[in-house]
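The structure appears right after this line, and notes come after that.
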Amino acid sequence: MEEKAQAQQDINRVMEQRLRKLEELRKLGINPYSNTFKPRHRIAEILDEYSEKSNDELEKEKPFFSIAGRIMALRSFGKSVFAHIQDEKGKIQIYFRKDILGNDLFKLVKKLDIGDIIGVEGEGFRTKTGEFTILVRNFQLLTKSLRPLPEKYHGLKNVEIRYRQRYVDLIVNEEVRRLFITRSRIIQCIRNFLASRDFLEVETPMMQVIPGGATAKPFKTYHNALGMELFLRIAPELYLKRLLVGGFERVFEINRNFRNEGISIQHNPEFTMLEFYQAYATYEDLMDLTEELFQSVAKEVLGKTEIEYQGNIIILESPWKRITLSDALVEIGKQDPAILKDEQAARRAAEDLDIQIDKYEGHGKLLTKIFDLTVEPKLIQPTFITHYPIEVSPLSRRNEEDPSVTDRFELFIAGREMANAFSELNDPIDQKERFLKQVEARKAGDEEAHLMDEDFIRALEYGMPPAAGEGIGIDRLVMLFTDSPSIREVILFPLLRPEK
């Protein structure tokens, strides 16, 4: 605690010094938050074109630059000052000289601090040590930084502070900036992939009267003008299917879902999901499409389809393993085949594994709980698990050969679920019966069970074409492609408890 108090005192002292500088600048008629400088160059572009050129070439060409960025380092040598400034994609050394700038402007250099944002004009040259540098002919203070950045060699390492003050994390940790640039590229690649296959991007309601499309506990809100309770959506599924009824045959949405659940390295209550639906397709078609999607994004963003995640080499090249949930329980989970047909045997197996069982949970739910514990952690390479029980798949089409299971798959990579998909149930009578069973489960205590959605049933009664749909967690996908151990690493502003 003493060390923390001392650190805060040091920050306060620095801030007091900077506030004095701020007032001095204002007395000199200098606006410390000016917005009149327009940079004409980006640092990365300058370095790409000029950093390898010799001093003779630079002197002959005399390239002149106009850049803006944040000061990340300052070294004063009396009548000259070296600094490094950083913009979004690069960092470059700049050189202030008193004999070039003159007394008045050089005095202003002495009032600069690490963290200040400046605009600079000058020509490129190479120092005696060979570093490409900009000799400053003119500069302008654009933003005075009042709070000091973390020390260079200590950095910003406290994980909670990194997440809470992501703006500082992005300033001082280049790898974090690169990660979120990669995230943006991944999402853009997904959009391009689906658009090239004639999928239409749409937006559906975030606030819903009836939360549906997934088994999860929703967040509640209230609309004052209408005097009605609303829910933040747990999934866009039922609205996207309404669009299939309306005649759109291929639709997708990339947007936020909200689930009132615990926080872990894999879960954040607010997360980004891709959902897409294709008419006249089956879940087997989507397995093929999913392989293509992951491979396409990996090649485009990473330049390869063999990646490393937390010490495991993941092979994304086809074919990916496909196995039913029942077979996986026996072959991978080493469970007694008797649990597949005998609910009491499944219940005993769950109890032996110390799995909590609720009274409303039936045979199908028991099997998936046993699967989660005995099989899922072992699925390191891409694996499609198919044929989930009806009980845990209230929106999926029944399998015609075995009506107790559905035409559904979940994709697992690196021991976690990455995608969930199925051939869609478009029989309104069957759908209504399943909703009624979900209502019964809810009355029995299952807070995550579906509510009855009469309007969705009405939509199905108009006729929805046979179709398949899929959801892919964008955050988990980014975790995989950036070798990130926690979902908080790939969300710019993850949910945290309020500061004390």
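Letters A, B, ... go to the chains of the structure tokens in the order shown; residues in each chain start at 1; ligands are counted from 1 in the same order.
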
From the DSSP assignment of the backbone, select every residue of stretch 103-182 of chain A that is strand (DSSP E or B), and format the answer as a PDB file with C-alpha atoms, in the first residue's frame.
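Produced file result_5.pdb, reproduced below:
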ATOM      1  CA  ILE A 117       0.861  15.554 -29.142  1.00  0.00           C
ATOM      2  CA  ILE A 118       2.673  17.784 -31.635  1.00  0.00           C
ATOM      3  CA  GLY A 119       2.679  18.610 -35.324  1.00  0.00           C
ATOM      4  CA  VAL A 120       6.093  18.655 -37.012  1.00  0.00           C
ATOM      5  CA  GLU A 121       7.474  19.862 -40.350  1.00  0.00           C
ATOM      6  CA  GLY A 122      10.981  19.075 -41.509  1.00  0.00           C
ATOM      7  CA  GLU A 123      13.255  17.069 -43.792  1.00  0.00           C
ATOM      8  CA  GLY A 124      14.590  13.585 -43.479  1.00  0.00           C
ATOM      9  CA  PHE A 125      18.232  12.765 -42.801  1.00  0.00           C
ATOM     10  CA  ARG A 126      20.300  10.036 -41.217  1.00  0.00           C
ATOM     11  CA  PHE A 132      16.443   7.854 -40.067  1.00  0.00           C
ATOM     12  CA  THR A 133      15.334  11.110 -38.444  1.00  0.00           C
ATOM     13  CA  ILE A 134      13.329  14.232 -39.228  1.00  0.00           C
ATOM     14  CA  LEU A 135      15.157  17.519 -38.699  1.00  0.00           C
ATOM     15  CA  VAL A 136      12.430  19.827 -37.359  1.00  0.00           C
ATOM     16  CA  ARG A 137      12.055  23.150 -39.174  1.00  0.00           C
ATOM     17  CA  ASN A 138       8.800  24.061 -37.483  1.00  0.00           C
ATOM     18  CA  PHE A 139       6.446  22.472 -34.960  1.00  0.00           C
ATOM     19  CA  GLN A 140       3.209  23.156 -33.128  1.00  0.00           C
ATOM     20  CA  LEU A 141       1.869  21.915 -29.797  1.00  0.00           C
ATOM     21  CA  LEU A 142      -1.511  20.298 -30.470  1.00  0.00           C
ATOM     22  CA  THR A 143      -2.373  18.686 -27.128  1.00  0.00           C
TER      23      THR A 143
END

Spatial neighbours of A:Gly115, max dist 8 Å, only C-alpha atoms, sep filter under 4 positions, as a PDB file with C-alpha atoms, in the first residue's frame:
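Written file, out-v7.pdb:
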ATOM      1  CA  ARG A  70       2.464  11.701 -29.540  1.00  0.00           C
ATOM      2  CA  ILE A  71       5.881  12.209 -27.941  1.00  0.00           C
ATOM      3  CA  MET A  72       7.042   8.856 -26.547  1.00  0.00           C
ATOM      4  CA  LYS A 144      -0.717  19.165 -23.748  1.00  0.00           C
ATOM      5  CA  SER A 145      -0.674  15.903 -21.773  1.00  0.00           C
ATOM      6  CA  PRO A 148       2.290  11.030 -17.196  1.00  0.00           C
ATOM      7  CA  LEU A 149       2.444   7.817 -19.209  1.00  0.00           C
TER       8      LEU A 149
END

Dump as CSV the rows for residues of stretch 303-333 of chain A within 12 Å of stretch 270-287 of chain A: closest atom pair and distance in Å with one decimal, only C-alpha atoms counted, ordered by chain and rising residue number.
residue,atom,partner,partner_atom,distance
A:Ser318,CA,A:Met287,CA,10.8
A:Pro319,CA,A:Met287,CA,10.3
A:Trp320,CA,A:Met287,CA,9.0
A:Lys321,CA,A:Met287,CA,10.5
A:Arg322,CA,A:Met287,CA,9.1

How about saving the chosen residues, C-alpha atoms kept, as an mmCIF file, in the first residue's frame?
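After the write, again00.cif holds the following:
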data_model
loop_
_atom_site.group_PDB
_atom_site.id
_atom_site.type_symbol
_atom_site.label_atom_id
_atom_site.label_comp_id
_atom_site.auth_asym_id
_atom_site.auth_seq_id
_atom_site.Cartn_x
_atom_site.Cartn_y
_atom_site.Cartn_z
ATOM 1 C CA SER A 318 -9.485 -29.498 -44.609
ATOM 2 C CA PRO A 319 -10.820 -31.989 -43.825
ATOM 3 C CA TRP A 320 -11.938 -31.299 -40.255
ATOM 4 C CA LYS A 321 -13.051 -34.159 -38.027
ATOM 5 C CA ARG A 322 -16.802 -34.811 -37.894
#

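Comparing the minimum interatomic distances between A:Thr305 and each of A:Leu480, A:Ala421, A:Ile43, A:Leu112, counting only C-alpha atoms, we find that A:Leu480 sits nearest.
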
Close residues, A:Ile390 itself excluded, 12 Å, only C-alpha atoms, min 5 positions apart in chain, as a ChimeraX atom specification: /A:362-365,367-368,395-399,402-408,422,425,430-431,433-435,437-438

Within 9 Å of A:Asp99, counting only C-alpha atoms, which residues qualify if same-chain residues fewer than 4 places away don't, as a compact mmCIF listing (two decimals) with C-alpha atoms, in the first residue's frame?
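So the final result, stored in selection.txt, reads:
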# COMPACT_ATOMS: atom_id res chain seq x y z
CA LYS A 79 20.96 23.27 -27.60
CA SER A 80 19.46 20.18 -29.23
CA ASN A 103 15.30 31.11 -29.35
CA PHE A 106 13.24 26.37 -28.93

Using backbone DSSP assignments, extract all helix (DSSP H, G or I) residues from stretch 97-128 of chain A; output them as an MDAnalysis selection string. chainID A and resid 98:101 103:109

Put those residues in a file: C-alpha atoms, as a PDB file, in the first residue's frame.
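And here's part_10.pdb as it stands now:
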ATOM      1  CA  LYS A  98      18.134  25.746 -31.377  1.00  0.00           C
ATOM      2  CA  ASP A  99      20.086  27.297 -34.272  1.00  0.00           C
ATOM      3  CA  ILE A 100      17.384  26.187 -36.716  1.00  0.00           C
ATOM      4  CA  LEU A 101      14.261  26.913 -34.664  1.00  0.00           C
ATOM      5  CA  ASN A 103      15.296  31.109 -29.349  1.00  0.00           C
ATOM      6  CA  ASP A 104      11.531  31.581 -28.973  1.00  0.00           C
ATOM      7  CA  LEU A 105      10.473  28.331 -30.617  1.00  0.00           C
ATOM      8  CA  PHE A 106      13.245  26.366 -28.931  1.00  0.00           C
ATOM      9  CA  LYS A 107      12.021  27.635 -25.540  1.00  0.00           C
ATOM     10  CA  LEU A 108       8.734  25.969 -26.364  1.00  0.00           C
ATOM     11  CA  VAL A 109      10.577  22.681 -27.005  1.00  0.00           C
TER      12      VAL A 109
END

Please provide the set of residues having any atom within 6 Å of stretch 446-458 of chain A, restricted to only C-alpha atoms, with same-chain residues fewer than 3 positions apart removed, written as a VMD selection string. chain A and resid 215 to 217 428 435 438 to 439 441 to 442 461

Hey, can you spit out that residue selection with C-alpha atoms as an mmCIF file, in the first residue's frame?
data_model
loop_
_atom_site.group_PDB
_atom_site.id
_atom_site.type_symbol
_atom_site.label_atom_id
_atom_site.label_comp_id
_atom_site.auth_asym_id
_atom_site.auth_seq_id
_atom_site.Cartn_x
_atom_site.Cartn_y
_atom_site.Cartn_z
ATOM 1 C CA THR A 215 -30.702 -20.414 -24.073
ATOM 2 C CA ALA A 216 -29.428 -17.596 -21.863
ATOM 3 C CA LYS A 217 -30.579 -15.192 -19.155
ATOM 4 C CA PRO A 428 -44.691 -24.118 -37.056
ATOM 5 C CA PHE A 435 -41.664 -23.644 -27.198
ATOM 6 C CA GLN A 438 -39.428 -24.656 -22.922
ATOM 7 C CA VAL A 439 -42.158 -22.743 -21.084
ATOM 8 C CA ALA A 441 -38.917 -25.942 -18.154
ATOM 9 C CA ARG A 442 -38.948 -22.265 -17.295
ATOM 10 C CA GLU A 461 -47.128 -20.247 -40.529
#
